[in-house]
Every structure is written in structure tokens, then in C-alpha cells.
>>> print(open('work.pdb').read())   # PDB, C-alpha atoms, pLDDT in the B column
ATOM      1  CA  MET H   1      -6.387 -11.485   7.368  1.00 81.00           C
ATOM      2  CA  VAL H   2      -5.095  -9.647  10.420  1.00 88.00           C
ATOM      3  CA  CYS H   3      -1.600  -9.533   8.897  1.00 90.00           C
ATOM      4  CA  ALA H   4      -2.959  -8.187   5.585  1.00 89.00           C
ATOM      5  CA  LEU H   5      -4.946  -5.476   7.340  1.00 89.00           C
ATOM      6  CA  GLY H   6      -1.933  -4.658   9.507  1.00 93.00           C
ATOM      7  CA  ALA H   7       0.132  -4.263   6.337  1.00 93.00           C
ATOM      8  CA  ALA H   8      -2.510  -1.890   4.929  1.00 92.00           C
ATOM      9  CA  VAL H   9      -2.382   0.205   8.098  1.00 92.00           C
ATOM     10  CA  CYS H  10       1.426   0.277   7.955  1.00 94.00           C
ATOM     11  CA  PHE H  11       1.512   1.290   4.284  1.00 94.00           C
ATOM     12  CA  GLY H  12      -1.206   3.940   4.670  1.00 92.00           C
ATOM     13  CA  THR H  13       0.382   5.496   7.739  1.00 93.00           C
ATOM     14  CA  ALA H  14       3.855   5.384   6.164  1.00 94.00           C
ATOM     15  CA  THR H  15       2.581   7.312   3.154  1.00 92.00           C
ATOM     16  CA  VAL H  16       1.293  10.142   5.326  1.00 92.00           C
ATOM     17  CA  LEU H  17       4.428  10.283   7.501  1.00 91.00           C
ATOM     18  CA  GLN H  18       6.668  10.406   4.430  1.00 90.00           C
ATOM     19  CA  ALA H  19       4.489  13.113   2.885  1.00 88.00           C
ATOM     20  CA  MET H  20       4.795  15.189   6.050  1.00 87.00           C
ATOM     21  CA  ALA H  21       8.577  14.791   6.064  1.00 87.00           C
ATOM     22  CA  ALA H  22       8.882  15.586   2.356  1.00 83.00           C
ATOM     23  CA  ARG H  23       6.716  18.684   2.747  1.00 82.00           C
ATOM     24  CA  GLN H  24       8.886  19.925   5.602  1.00 81.00           C
ATOM     25  CA  ALA H  25      12.119  19.070   3.752  1.00 80.00           C
ATOM     26  CA  ALA H  26      10.953  20.902   0.630  1.00 76.00           C
ATOM     27  CA  GLY H  27      10.324  24.037   2.653  1.00 72.00           C
ATOM     28  CA  THR H  28      13.747  24.118   4.314  1.00 65.00           C
ATOM     29  CA  GLY H  29      15.932  24.733   1.304  1.00 63.00           C
ATOM     30  CA  GLY H  30      16.585  24.495  -2.375  1.00 61.00           C
ATOM     31  CA  GLY H  31      18.357  21.884  -4.350  1.00 59.00           C
ATOM     32  CA  GLY H  32      17.447  19.069  -6.645  1.00 66.00           C
ATOM     33  CA  ASP H  33      15.802  15.769  -6.003  1.00 73.00           C
ATOM     34  CA  ALA H  34      18.877  14.266  -4.343  1.00 75.00           C
ATOM     35  CA  ALA H  35      19.143  17.185  -1.910  1.00 74.00           C
ATOM     36  CA  LEU H  36      15.452  16.875  -1.063  1.00 74.00           C
ATOM     37  CA  LEU H  37      15.870  13.156  -0.411  1.00 76.00           C
ATOM     38  CA  LEU H  38      18.866  13.750   1.844  1.00 81.00           C
ATOM     39  CA  ARG H  39      16.936  16.381   3.838  1.00 79.00           C
ATOM     40  CA  ALA H  40      13.953  14.035   4.130  1.00 78.00           C
ATOM     41  CA  LEU H  41      16.155  11.161   5.304  1.00 82.00           C
ATOM     42  CA  ARG H  42      17.243  13.294   8.272  1.00 83.00           C
ATOM     43  CA  GLN H  43      13.675  13.522   9.571  1.00 84.00           C
ATOM     44  CA  TRP H  44      12.240  11.022  12.019  1.00 89.00           C
ATOM     45  CA  ARG H  45       8.881  10.947  10.227  1.00 88.00           C
ATOM     46  CA  TYR H  46      10.471   9.809   6.984  1.00 88.00           C
ATOM     47  CA  LEU H  47      12.521   7.145   8.748  1.00 91.00           C
ATOM     48  CA  ALA H  48       9.454   5.988  10.673  1.00 92.00           C
ATOM     49  CA  GLY H  49       7.604   5.756   7.361  1.00 92.00           C
ATOM     50  CA  LEU H  50      10.368   3.618   5.904  1.00 91.00           C
ATOM     51  CA  GLY H  51      10.234   1.403   8.978  1.00 94.00           C
ATOM     52  CA  LEU H  52       6.470   1.036   8.626  1.00 94.00           C
ATOM     53  CA  ASP H  53       6.924   0.151   4.946  1.00 94.00           C
ATOM     54  CA  GLY H  54       9.334  -2.614   5.967  1.00 94.00           C
ATOM     55  CA  LEU H  55       6.975  -3.895   8.663  1.00 96.00           C
ATOM     56  CA  GLY H  56       4.084  -3.780   6.193  1.00 94.00           C
ATOM     57  CA  PHE H  57       6.103  -5.837   3.737  1.00 95.00           C
ATOM     58  CA  LEU H  58       6.784  -8.496   6.376  1.00 95.00           C
ATOM     59  CA  LEU H  59       3.101  -8.576   7.352  1.00 95.00           C
ATOM     60  CA  GLN H  60       2.155  -8.894   3.685  1.00 94.00           C
ATOM     61  CA  ILE H  61       4.457 -11.918   3.292  1.00 94.00           C
ATOM     62  CA  ALA H  62       2.959 -13.503   6.408  1.00 93.00           C
ATOM     63  CA  ALA H  63      -0.552 -12.911   5.071  1.00 91.00           C
ATOM     64  CA  LEU H  64       0.312 -14.409   1.680  1.00 91.00           C
ATOM     65  CA  ARG H  65       1.454 -17.589   3.410  1.00 90.00           C
ATOM     66  CA  SER H  66      -1.918 -18.083   5.086  1.00 85.00           C
ATOM     67  CA  ILE H  67      -4.728 -16.625   2.957  1.00 83.00           C
ATOM     68  CA  PRO H  68      -5.435 -16.438  -0.796  1.00 82.00           C
ATOM     69  CA  ILE H  69      -3.703 -13.741  -2.815  1.00 84.00           C
ATOM     70  CA  TYR H  70      -6.974 -12.052  -3.827  1.00 81.00           C
ATOM     71  CA  ALA H  71      -7.848 -11.467  -0.174  1.00 82.00           C
ATOM     72  CA  VAL H  72      -4.392 -10.033   0.542  1.00 87.00           C
ATOM     73  CA  GLY H  73      -4.634  -7.809  -2.538  1.00 87.00           C
ATOM     74  CA  ALA H  74      -8.006  -6.453  -1.464  1.00 84.00           C
ATOM     75  CA  ALA H  75      -6.768  -5.808   2.049  1.00 85.00           C
ATOM     76  CA  LEU H  76      -3.707  -3.977   0.737  1.00 89.00           C
ATOM     77  CA  ALA H  77      -5.912  -1.877  -1.518  1.00 85.00           C
ATOM     78  CA  SER H  78      -7.639  -0.639   1.611  1.00 83.00           C
ATOM     79  CA  SER H  79      -4.412   1.178   2.500  1.00 87.00           C
ATOM     80  CA  LEU H  80      -5.787   4.032   0.385  1.00 84.00           C
ATOM     81  CA  ALA H  81      -8.646   4.391   2.862  1.00 85.00           C
ATOM     82  CA  VAL H  82      -6.130   4.254   5.718  1.00 87.00           C
ATOM     83  CA  THR H  83      -4.112   6.992   4.026  1.00 88.00           C
ATOM     84  CA  ALA H  84      -7.221   9.184   3.744  1.00 87.00           C
ATOM     85  CA  VAL H  85      -8.162   8.741   7.393  1.00 86.00           C
ATOM     86  CA  VAL H  86      -4.623   9.277   8.705  1.00 88.00           C
ATOM     87  CA  ALA H  87      -4.131  12.304   6.435  1.00 87.00           C
ATOM     88  CA  ALA H  88      -7.369  13.780   7.728  1.00 86.00           C
ATOM     89  CA  ARG H  89      -6.009  13.461  11.237  1.00 86.00           C
ATOM     90  CA  LEU H  90      -2.303  14.316  10.888  1.00 86.00           C
ATOM     91  CA  LEU H  91      -2.291  16.674   7.897  1.00 83.00           C
ATOM     92  CA  ARG H  92      -5.583  18.274   8.890  1.00 84.00           C
ATOM     93  CA  VAL H  93      -7.032  17.487   5.472  1.00 82.00           C
ATOM     94  CA  ARG H  94     -10.809  17.895   5.371  1.00 86.00           C
ATOM     95  CA  LEU H  95     -12.522  14.946   3.761  1.00 84.00           C
ATOM     96  CA  SER H  96     -15.912  15.564   2.211  1.00 89.00           C
ATOM     97  CA  GLY H  97     -18.926  13.454   3.045  1.00 89.00           C
ATOM     98  CA  LEU H  98     -18.492  11.649  -0.254  1.00 89.00           C
ATOM     99  CA  GLU H  99     -14.887  10.775   0.631  1.00 87.00           C
ATOM    100  CA  TRP H 100     -15.897   9.494   4.070  1.00 88.00           C
ATOM    101  CA  GLY H 101     -18.580   7.449   2.318  1.00 89.00           C
ATOM    102  CA  ALA H 102     -15.939   5.987   0.018  1.00 87.00           C
ATOM    103  CA  VAL H 103     -13.856   4.979   3.046  1.00 85.00           C
ATOM    104  CA  ALA H 104     -16.918   3.277   4.540  1.00 88.00           C
ATOM    105  CA  VAL H 105     -17.628   1.449   1.267  1.00 88.00           C
ATOM    106  CA  VAL H 106     -14.040   0.183   1.105  1.00 83.00           C
ATOM    107  CA  CYS H 107     -14.322  -1.118   4.669  1.00 82.00           C
ATOM    108  CA  ALA H 108     -17.697  -2.766   3.990  1.00 86.00           C
ATOM    109  CA  GLY H 109     -16.400  -4.360   0.771  1.00 83.00           C
ATOM    110  CA  LEU H 110     -13.366  -5.704   2.576  1.00 79.00           C
ATOM    111  CA  ALA H 111     -15.560  -7.144   5.329  1.00 77.00           C
ATOM    112  CA  MET H 112     -17.780  -8.861   2.736  1.00 81.00           C
ATOM    113  CA  LEU H 113     -14.743 -10.258   0.929  1.00 76.00           C
ATOM    114  CA  GLY H 114     -13.389 -11.610   4.194  1.00 71.00           C
ATOM    115  CA  LEU H 115     -16.685 -13.291   4.964  1.00 73.00           C
ATOM    116  CA  ALA H 116     -17.051 -14.742   1.455  1.00 74.00           C
ATOM    117  CA  SER H 117     -13.499 -15.933   0.880  1.00 68.00           C
ATOM    118  CA  GLY H 118     -12.854 -19.629   0.981  1.00 64.00           C
ATOM    119  CA  THR H 119      -9.799 -21.788   1.057  1.00 66.00           C
ATOM    120  CA  GLU H 120      -7.301 -21.724  -1.744  1.00 62.00           C
ATOM    121  CA  GLY H 121      -7.229 -24.627  -4.169  1.00 64.00           C
ATOM    122  CA  HIS H 122      -4.302 -26.992  -4.389  1.00 67.00           C
ATOM    123  CA  ARG H 123      -4.475 -27.792  -8.087  1.00 71.00           C
ATOM    124  CA  GLY H 124      -2.065 -26.302 -10.572  1.00 74.00           C
ATOM    125  CA  GLY H 125      -3.081 -24.673 -13.827  1.00 74.00           C
ATOM    126  CA  SER H 126      -3.000 -26.448 -17.159  1.00 83.00           C
ATOM    127  CA  THR H 127      -0.029 -26.306 -19.517  1.00 87.00           C
ATOM    128  CA  ALA H 128      -2.058 -24.096 -21.880  1.00 88.00           C
ATOM    129  CA  LEU H 129      -2.631 -21.624 -19.040  1.00 85.00           C
ATOM    130  CA  LYS H 130       1.103 -21.484 -18.324  1.00 87.00           C
ATOM    131  CA  TYR H 131       1.887 -20.738 -21.984  1.00 91.00           C
ATOM    132  CA  ALA H 132      -0.889 -18.143 -22.165  1.00 90.00           C
ATOM    133  CA  MET H 133       0.457 -16.375 -19.058  1.00 89.00           C
ATOM    134  CA  ALA H 134       3.991 -16.388 -20.469  1.00 91.00           C
ATOM    135  CA  ALA H 135       2.712 -14.982 -23.782  1.00 93.00           C
ATOM    136  CA  ALA H 136       0.743 -12.282 -21.935  1.00 91.00           C
ATOM    137  CA  ALA H 137       3.844 -11.331 -19.928  1.00 91.00           C
ATOM    138  CA  VAL H 138       5.926 -11.057 -23.105  1.00 94.00           C
ATOM    139  CA  GLY H 139       3.155  -8.971 -24.694  1.00 92.00           C
ATOM    140  CA  VAL H 140       3.065  -6.564 -21.758  1.00 91.00           C
ATOM    141  CA  LEU H 141       6.864  -6.332 -21.835  1.00 92.00           C
ATOM    142  CA  LEU H 142       6.829  -5.500 -25.548  1.00 92.00           C
ATOM    143  CA  LEU H 143       4.059  -2.916 -25.117  1.00 90.00           C
ATOM    144  CA  GLY H 144       6.010  -1.330 -22.275  1.00 88.00           C
ATOM    145  CA  THR H 145       9.157  -1.227 -24.348  1.00 88.00           C
ATOM    146  CA  VAL H 146       7.371   0.396 -27.283  1.00 88.00           C
ATOM    147  CA  GLY H 147       5.529   2.797 -24.978  1.00 83.00           C
ATOM    148  CA  GLY H 148       8.727   3.763 -23.160  1.00 76.00           C
TER
END
>>> encode(input="work.pdb", output="C-alpha cells")
Amino acid sequence: MVCALGAAVCFGTATVLQAMAARQAAGTGGGGDAALLLRALRQWRYLAGLGLDGLGFLLQIAALRSIPIYAVGAALASSLAVTAVVAARLLRVRLSGLEWGAVAVVCAGLAMLGLASGTEGHRGGSTALKYAMAAAAVGVLLLGTVGG
């Protein structure tokens, strides 16, 4: 769980650092999206954010090898709370009491999930489940194609 929470901290902090770099790059000149990206890539905050994204990915893989996927997913979802807290500090964003309450609820929910989670089962799904999952994936693909 420590690796999953570390990944959440990395992803949340990377988001804020990249936002700071993009904001500064947008203010330094004109140009299209490619020019903005090139200006952002010259900033240490953006590069540090990319590095934290890479570290978060490695921590996520390590977490997935040791705890169930639902626990890793919940821990990674807490990166939104990390982003809010780091943005409040670095970007001087004022969070309302309701937003601070939401951060506390996310942390409490994650703690309860960690306490309640058990070991992962070793049985595979049935053949019908495998076909149903494949059919669902094809359905989502078709809906995406039609929607796009």
C-alpha cells in the first residue's frame, strides 16, 4: 500500500508542477500547442513533473504486484486529494472548508479500504465470464467508434 500511496503523491505533485510550468510557458510567448509544449519542456518544473510521473508509474507497478488491483485503484484515486493539497500550497489556491472536508473524506475512505482489504484470490474466472468481458470490450469499442 505504501507504493500505491507513493504513486498517488507522485502523480498529484507532478500535476501541479506541470500546471505551474505550463502557466509560465503560456505567459512567455505566442504560438500554437507545439510551441507551448517546447517552452514547457525547457522548464525544470515540467521536467520534474515528468520524472515524478515516471516514478509514480514504477511505484504503481510495484503496488500491483503485491496488493489487489482495487486497493491500488483507490489509492491512485487519492492523487486528486494530493493535487488539491499541493495546489493549495504551491499555487496559493484557497480551498474552501467543503473542499478540505472532501480531502479528509478521501483520506478516511482510503484508510478504511486499507483496513478492510483482504488477500487476492487465486482462482480464475469462468469461461462465460471471459466471453462476457470480451463482448463488453467489443461493445465499448463499437460505441467509441460510433461516438467518435
>>> closest_residue(input="work.pdb", among="H:Gly27, H:Gly148, H:Gly139, H:Gly6", to="Leu55 of chain H", atoms="all atoms listed in the file")
H:Gly6
>>> resolve_selection(input="work.pdb", expression="the PyMOL selection byres ((chain H and resi 13) around 12)", output="NGL selection string")
:H and (6-12 or 14-20 or 45-46 or 48-53 or 55-56 or 78-91)
>>> closest_residue(input="work.pdb", among="H:Val140, H:Ala111, H:Ala34, H:Ala4", to="Ile69 of chain H", atoms="only C-alpha atoms")
H:Ala4
>>> atom_distance(input="work.pdb", atom1="atom CA of Pro68 of chain H", atom2="atom CA of Ala116 of chain H")
12.0 Å
>>> closest_residue(input="work.pdb", among="H:Leu58, H:Ala74, H:Leu143, H:Ala21", to="Ala40 of chain H", atoms="all atoms listed in the file")
H:Ala21
>>> residues_near_point(input="work.pdb", point="(-10.5, -8.2, 4.5)", cutoff="9 Å", atoms="only C-alpha atoms", output="ChimeraX atom specification")
/H:1-2,4-5,71-72,74-76,78,107,109-115
>>> atom_distance(input="work.pdb", atom1="atom CA of Arg23 of chain H", atom2="atom CA of Leu95 of chain H")
19.6 Å
>>> atom_distance(input="work.pdb", atom1="atom CA of Cys3 of chain H", atom2="atom CA of Leu59 of chain H")
5.0 Å
